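Structure file final_29.txt (compact mmCIF, C-alpha atoms) is printed below.
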```txt
# COMPACT_ATOMS: atom_id res chain seq x y z
CA MET A 456 0.00 0.00 0.00
CA HIS A 457 1.41 3.40 -0.98
CA VAL A 458 1.68 6.15 1.55
CA CYS A 459 -1.29 8.33 0.73
CA GLY A 460 -2.79 5.72 -1.58
CA ARG A 461 -6.33 6.84 -0.73
CA TYR A 462 -7.84 10.11 0.38
CA ALA A 463 -11.14 11.97 0.77
CA SER A 464 -12.19 14.90 -1.42
CA SER A 465 -15.79 15.93 -0.83
CA ARG A 466 -15.75 19.74 -1.20
CA ASP A 467 -17.26 21.31 -4.28
CA ALA A 468 -15.31 23.43 -6.77
CA LEU A 469 -16.65 26.75 -5.48
CA ASP A 470 -15.55 25.96 -1.90
CA LEU A 471 -12.07 24.99 -3.10
CA ALA A 472 -11.83 28.03 -5.40
CA SER A 473 -12.67 30.35 -2.52
CA HIS A 474 -10.22 28.70 -0.11
CA PHE A 475 -7.29 28.64 -2.54
CA GLY A 476 -7.92 32.01 -4.21
CA VAL A 477 -8.59 30.47 -7.60
CA ASP A 478 -9.36 32.67 -10.64
CA GLU A 479 -10.73 29.95 -12.89
CA THR A 480 -12.84 26.90 -11.99
CA PRO A 481 -13.27 23.75 -14.09
CA THR A 482 -16.30 23.06 -16.27
CA GLU A 483 -16.06 19.40 -15.27
CA VAL A 484 -17.96 18.69 -12.05
CA LEU A 485 -16.65 15.92 -9.79
CA ALA A 486 -18.91 14.05 -7.38
CA PRO A 487 -17.77 14.07 -3.73
CA SER A 488 -15.55 11.09 -2.91
CA TRP A 489 -14.46 9.70 0.45
CA ASN A 490 -12.35 7.03 -1.22
CA VAL A 491 -10.25 8.63 -3.96
CA ALA A 492 -8.04 5.94 -5.52
CA PRO A 493 -5.15 5.95 -8.01
CA THR A 494 -6.14 6.91 -11.60
CA ASP A 495 -9.32 8.65 -10.35
CA PRO A 496 -10.04 12.19 -11.59
CA VAL A 497 -9.16 14.73 -8.86
CA PRO A 498 -9.14 18.53 -8.47
CA VAL A 499 -5.78 20.31 -8.27
CA VAL A 500 -4.79 23.96 -7.92
CA LEU A 501 -2.19 25.14 -10.45
CA GLU A 502 -1.02 28.32 -12.16
CA ARG A 503 -0.45 28.81 -15.87
CA ASP A 504 0.19 32.14 -17.60
CA GLY A 505 -0.26 33.92 -14.28
CA VAL A 506 -3.78 32.57 -13.77
CA ARG A 507 -4.56 30.35 -10.77
CA ARG A 508 -6.83 27.55 -11.87
CA LEU A 509 -8.72 24.68 -10.28
CA ARG A 510 -8.41 21.85 -12.77
CA VAL A 511 -9.53 18.22 -12.92
CA VAL A 512 -6.62 15.85 -13.62
CA ARG A 513 -5.97 12.12 -13.25
CA TRP A 514 -4.14 10.94 -10.12
CA GLY A 515 -0.96 9.14 -11.15
CA LEU A 516 1.69 11.15 -12.99
CA VAL A 517 2.47 10.29 -16.62
CA PRO A 518 5.75 11.96 -17.70
CA SER A 519 5.62 13.77 -21.03
CA TRP A 520 8.12 11.27 -22.51
CA ALA A 521 6.24 8.13 -21.38
CA LYS A 522 5.39 5.61 -24.10
CA ASP A 523 2.18 4.56 -22.35
CA ALA A 524 -0.22 6.24 -19.91
CA LYS A 525 -0.35 3.07 -17.79
CA VAL A 526 2.83 4.10 -15.96
CA GLY A 527 0.74 6.67 -14.08
CA ALA A 528 -0.80 4.03 -11.83
CA ARG A 529 2.66 3.50 -10.28
CA MET A 530 3.40 7.23 -9.86
CA ILE A 531 0.76 8.44 -7.41
CA ASN A 532 3.48 9.50 -4.94
CA ALA A 533 6.84 11.24 -5.42
CA CYS A 534 9.52 11.11 -2.69
CA SER A 535 10.59 14.62 -1.69
CA GLU A 536 14.16 13.42 -1.18
CA THR A 537 14.62 12.51 -4.88
CA LEU A 538 12.47 15.08 -6.74
CA THR A 539 15.43 16.66 -8.50
CA ASP A 540 17.08 13.31 -9.31
CA LYS A 541 14.29 11.24 -10.82
CA PRO A 542 13.67 11.90 -14.54
CA ALA A 543 9.95 11.29 -14.01
CA PHE A 544 9.64 14.21 -11.59
CA ARG A 545 12.58 16.55 -12.23
CA SER A 546 11.06 18.79 -14.91
CA ALA A 547 7.64 18.85 -13.23
CA TYR A 548 9.26 19.97 -9.97
CA ALA A 549 10.95 22.84 -11.83
CA ARG A 550 7.89 24.08 -13.74
CA ARG A 551 4.67 22.25 -12.91
CA ARG A 552 3.96 22.26 -9.19
CA CYS A 553 0.42 22.13 -7.84
CA LEU A 554 -1.65 21.75 -4.69
CA VAL A 555 -3.80 18.64 -4.27
CA PRO A 556 -6.67 19.53 -1.91
CA ALA A 557 -7.91 16.78 0.42
CA ASP A 558 -10.38 16.58 3.30
CA GLY A 559 -7.99 14.04 4.76
CA TYR A 560 -6.11 10.89 3.80
CA TYR A 561 -5.88 7.26 4.88
CA GLU A 562 -2.89 5.27 6.11
CA TRP A 563 -2.68 1.60 7.03
CA GLN A 564 -0.89 0.70 10.28
CA ARG A 565 0.62 -2.75 10.61
CA THR A 566 -0.75 -4.63 13.62
CA GLY A 567 -0.27 -8.12 15.00
CA THR A 568 -3.33 -9.29 13.09
CA GLY A 569 -2.97 -7.38 9.82
CA LYS A 570 -3.42 -3.69 8.92
CA GLN A 571 -5.61 -1.08 10.60
CA PRO A 572 -6.71 1.88 8.45
CA TRP A 573 -6.50 5.37 9.97
CA TYR A 574 -7.95 8.66 8.74
CA LEU A 575 -5.81 11.80 9.11
CA THR A 576 -7.36 15.24 8.69
CA SER A 577 -6.65 18.86 9.61
CA ARG A 578 -7.59 19.94 13.12
CA ASP A 579 -9.05 23.23 11.88
CA GLY A 580 -11.35 21.59 9.33
CA ALA A 581 -9.70 23.33 6.35
CA PRO A 582 -8.69 21.41 3.21
CA LEU A 583 -5.22 19.88 3.38
CA PRO A 584 -2.98 21.57 0.75
CA MET A 585 -0.96 18.49 -0.24
CA ALA A 586 2.13 19.31 -2.31
CA GLY A 587 1.89 17.89 -5.81
CA LEU A 588 3.32 17.94 -9.32
CA TYR A 589 1.39 17.80 -12.58
CA GLU A 590 2.21 16.79 -16.14
CA VAL A 591 0.58 17.04 -19.57
CA TRP A 592 0.99 13.93 -21.74
CA ARG A 593 0.05 13.70 -25.41
CA ASP A 594 -1.25 10.35 -26.65
CA PRO A 595 -0.46 9.04 -30.16
CA ALA A 596 -3.74 10.51 -31.46
CA GLY A 597 -2.76 13.96 -30.15
CA ALA A 598 -5.16 14.10 -27.18
CA LEU A 599 -3.81 15.64 -23.96
CA LEU A 600 -3.90 13.83 -20.62
CA TRP A 601 -3.35 15.91 -17.45
CA THR A 602 -2.07 13.95 -14.45
CA CYS A 603 -0.65 14.58 -10.96
CA THR A 604 1.29 13.02 -8.10
CA VAL A 605 1.42 13.73 -4.33
CA ILE A 606 4.82 14.47 -2.73
CA THR A 607 5.69 12.51 0.42
CA THR A 608 8.38 12.57 3.10
CA ASP A 609 9.34 10.86 6.38
CA ALA A 610 6.50 11.07 8.88
CA ALA A 611 6.75 13.13 12.07
CA ASP A 612 6.67 11.17 15.33
CA ASP A 613 2.95 11.60 15.98
CA THR A 614 1.96 10.18 12.61
CA GLY A 615 5.06 8.02 12.18
CA GLN A 616 3.60 5.41 14.52
CA ILE A 617 0.84 4.92 11.92
CA HIS A 618 3.01 4.93 8.78
CA ASP A 619 6.64 5.94 8.17
CA ARG A 620 5.77 8.27 5.26
CA THR A 621 3.40 11.23 5.06
CA PRO A 622 2.21 13.71 2.41
CA LEU A 623 3.95 17.09 2.41
CA LEU A 624 1.75 20.11 3.01
CA VAL A 625 2.37 23.58 1.58
CA PRO A 626 1.72 26.31 4.21
CA ARG A 627 -0.64 29.06 3.08
CA GLU A 628 2.11 31.70 3.08
CA ALA A 629 4.09 29.57 0.60
CA TRP A 630 1.30 28.87 -1.92
CA ASP A 631 2.27 31.74 -4.23
CA ALA A 632 5.92 30.68 -4.50
CA TRP A 633 5.08 26.98 -4.79
CA LEU A 634 2.64 27.55 -7.67
CA ASP A 635 4.80 30.11 -9.51
CA ALA A 636 6.24 28.40 -12.61
CA GLU A 637 8.90 31.13 -12.87
CA VAL A 638 10.46 29.86 -9.62
CA GLU A 639 12.44 26.81 -10.78
CA ASP A 640 13.44 25.59 -7.32
CA PRO A 641 11.16 26.88 -4.56
CA GLY A 642 13.34 25.17 -1.96
CA ALA A 643 12.54 22.39 0.46
CA GLY A 644 11.79 25.01 3.12
CA LEU A 645 8.39 25.58 1.53
CA LEU A 646 7.38 21.99 2.20
CA GLN A 647 6.33 20.79 5.61
CA PRO A 648 5.55 17.28 6.76
CA ALA A 649 1.99 16.85 8.01
CA THR A 650 3.38 17.73 11.42
CA PRO A 651 2.14 17.17 14.97
CA GLY A 652 -0.40 19.76 16.00
CA VAL A 653 -1.72 20.08 12.45
CA LEU A 654 -3.53 16.75 12.11
CA ASP A 655 -6.06 14.68 13.99
CA ALA A 656 -6.04 10.93 13.36
CA TRP A 657 -8.40 8.10 14.27
CA PRO A 658 -8.94 4.48 13.25
CA VAL A 659 -11.65 3.75 10.67
CA GLY A 660 -13.35 0.64 9.35
CA ALA A 661 -11.85 -1.81 6.87
CA ALA A 662 -14.42 -0.87 4.19
CA VAL A 663 -12.12 1.88 2.87
CA GLY A 664 -9.77 -0.83 1.60
CA ASN A 665 -12.24 -1.63 -1.19
CA VAL A 666 -12.26 1.08 -3.90
CA ARG A 667 -15.90 0.29 -4.67
CA ASN A 668 -16.96 1.60 -1.24
CA ASP A 669 -17.65 5.30 -0.88
CA GLY A 670 -19.51 7.64 1.46
CA PRO A 671 -18.95 9.76 4.58
CA GLU A 672 -19.27 6.66 6.77
CA LEU A 673 -15.76 5.65 5.65
CA VAL A 674 -14.23 8.42 7.80
CA ALA A 675 -16.28 7.59 10.91
CA PRO A 676 -14.15 6.59 13.93
CA VAL A 677 -14.17 2.94 15.04
CA THR A 678 -12.69 1.04 17.96
CA PRO A 679 -9.86 -1.03 16.46
```

Produce structure tokens that represent the structure in this file.
Amino acid sequence: MHVCGRYASSRDALDLASHFGVDETPTEVLAPSWNVAPTDPVPVVLERDGVRRLRVVRWGLVPSWAKDAKVGARMINACSETLTDKPAFRSAYARRRCLVPADGYYEWQRTGTGKQPWYLTSRDGAPLPMAGLYEVWRDPAGALLWTCTVITTDAADDTGQIHDRTPLLVPREAWDAWLDAEVEDPGAGLLQPATPGVLDAWPVGAAVGNVRNDGPELVAPVTP
């Protein structure tokens, strides 16, 4: 199971546009999802030509040079430690950074009897601004496919007991620099682990493990 291999995204486009100061919203309307899975369509915040846009893309990055879009299913996460080394992420990190809004995300904790899913969400109820990269891939017929990945790092102690990796969050004061395509290397200082004091976490039911299940009941606390 990937770190951040599932997350919840139930807010509508107008809510997200207001929160992230977006100038342009998508024409495509996504249904709320409490079980977003790899290759699903997801909203991201990005800037092109000086305009901040909310855009629907596919989760799982397909590099522009890829021969086949199927590689995206394996690229839902990008390790922060190797962003500038990996050919799949290097150019996107320089020019195509985005925010991936989430209500919260799921992690699976190893236990003596298997794996216990947990839900992690912001204490203040605001959307989590997960750090992401996006790419635009052209298929052989000339159609464009927009995709994204979520950047991860080592987990802080509070969440590290659940899983050893965690999505990076971009603090509000760093959104402008992170999204600015003219800034080739915004610096690791803009990225923060989903640190203690920022998140609440609680165990949830096993139903989230099946991508066919969806609904707000997936984030309800359970006694493990």

> Could you name the residues that touch A:Asp504 at 12 Å or less, counting only C-alpha atoms, but leaving out those on the same chain fewer than 3 positions away, as number ranges by chain?
Replying inline: A: 478, 501, 507-508, 550-551, 634-637

> Got a sec: who's within 8 Å of A:Ala547, counting only C-alpha atoms, leaving out chain neighbours fewer than 3 positions off, as a ChimeraX atom specification?
Replying inline: /A:543-544,550-552,588-590

Taking C-alpha atoms for each residue, export the selection above as a PDB file, keeping the file's coordinate frame.
```
ATOM      1  CA  ALA A 543       9.950  11.290 -14.010  1.00  0.00           C
ATOM      2  CA  PHE A 544       9.640  14.210 -11.590  1.00  0.00           C
ATOM      3  CA  ARG A 550       7.890  24.080 -13.740  1.00  0.00           C
ATOM      4  CA  ARG A 551       4.670  22.250 -12.910  1.00  0.00           C
ATOM      5  CA  ARG A 552       3.960  22.260  -9.190  1.00  0.00           C
ATOM      6  CA  LEU A 588       3.320  17.940  -9.320  1.00  0.00           C
ATOM      7  CA  TYR A 589       1.390  17.800 -12.580  1.00  0.00           C
ATOM      8  CA  GLU A 590       2.210  16.790 -16.140  1.00  0.00           C
TER       9      GLU A 590
END
```

> Quick one: of A:Ala598, A:Val526, A:Cys603, A:Val677, who's nearest to A:Pro658, counting all atoms listed in the file?
Replying inline: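 Closest to A:Pro658 of all the choices is A:Val677.
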
>> Which residues are close to A:Trp573, i.e. within 12 Å by only C-alpha atoms, leaving aside same-chain residues fewer than 3 positions away? Reply as a VMD selection string.
In response: chain A and resid 458 to 459 461 to 462 559 to 565 570 576 614 616 to 618 654 to 664 673 to 679

> Any idea what the distance is between atom CA of A:Val512 and atom CA of A:Thr480?
Replying inline: 12.8 Å

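Closest to A:Asn532 among A:Gly569, A:Leu469, A:Arg545, A:Thr608 is A:Thr608, based on all atoms listed in the file.
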
>> Given the point (-2.1, 20.4, -2.3) in the coordinates of this file, which residues lie within 8 Å, counting all atoms listed in the file, and how would they look as a PyMOL selection string?
In response: chain A and resi 499-500+553-557+583-587+605+624-625

> What is the distance between atom CA of A:Asp540 and atom CA of A:Gly460, in Å to one decimal?
Replying inline: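 That distance, rounded to one decimal, is 22.6 Å.
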
> Which is closer to A:Leu471 than all the others in A:Pro493, A:Trp514, A:Pro582, A:Tyr574, using all atoms listed in the file?
Replying inline: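 With all atoms listed in the file as the atom set, the closest residue is A:Pro582.
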
Around stretch 605-609 of chain A, with edges along x, y and z and 5 Å added on all six sides, what centre and edge lengths do you get, in Å to one decimal, as AutoDock Vina command-line options?
```
--center_x 5.4 --center_y 12.7 --center_z 1.0 --size_x 17.9 --size_y 13.6 --size_z 20.7
```

> Pick the closest to A:Asp609 from A:Cys534, A:Gly580, A:Glu672, A:Pro626: which is it, counting all atoms listed in the file?
Replying inline: A:Cys534

>> Could you tell me how far atom CA of A:Lys525 sits from atom CA of A:Glu502, in Å to one decimal place?
In response: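 The value is 25.9 Å.
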
> Leaving out A:Trp592 and any residue of its chain fewer than 3 positions from it, which residues lie within 10 Å of it when counting all atoms listed in the file, given as a VMD selection string?
Replying inline: chain A and resid 516 to 524 589 595 597 to 602

> Which of these residues is nearest to A:Asp669, using all atoms listed in the file: A:Ala468, A:Glu483, A:Thr568, A:Ala492?
Replying inline: A:Ala492

> From the set A:Ala596, A:Ala549, A:Ala528, A:Leu575, which residue has the shortest atom-to-atom contact distance to A:Val653, counting all atoms listed in the file?
Replying inline: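 Between A:Ala596, A:Ala549, A:Ala528, A:Leu575, the residue approaching A:Val653 most closely is A:Leu575.
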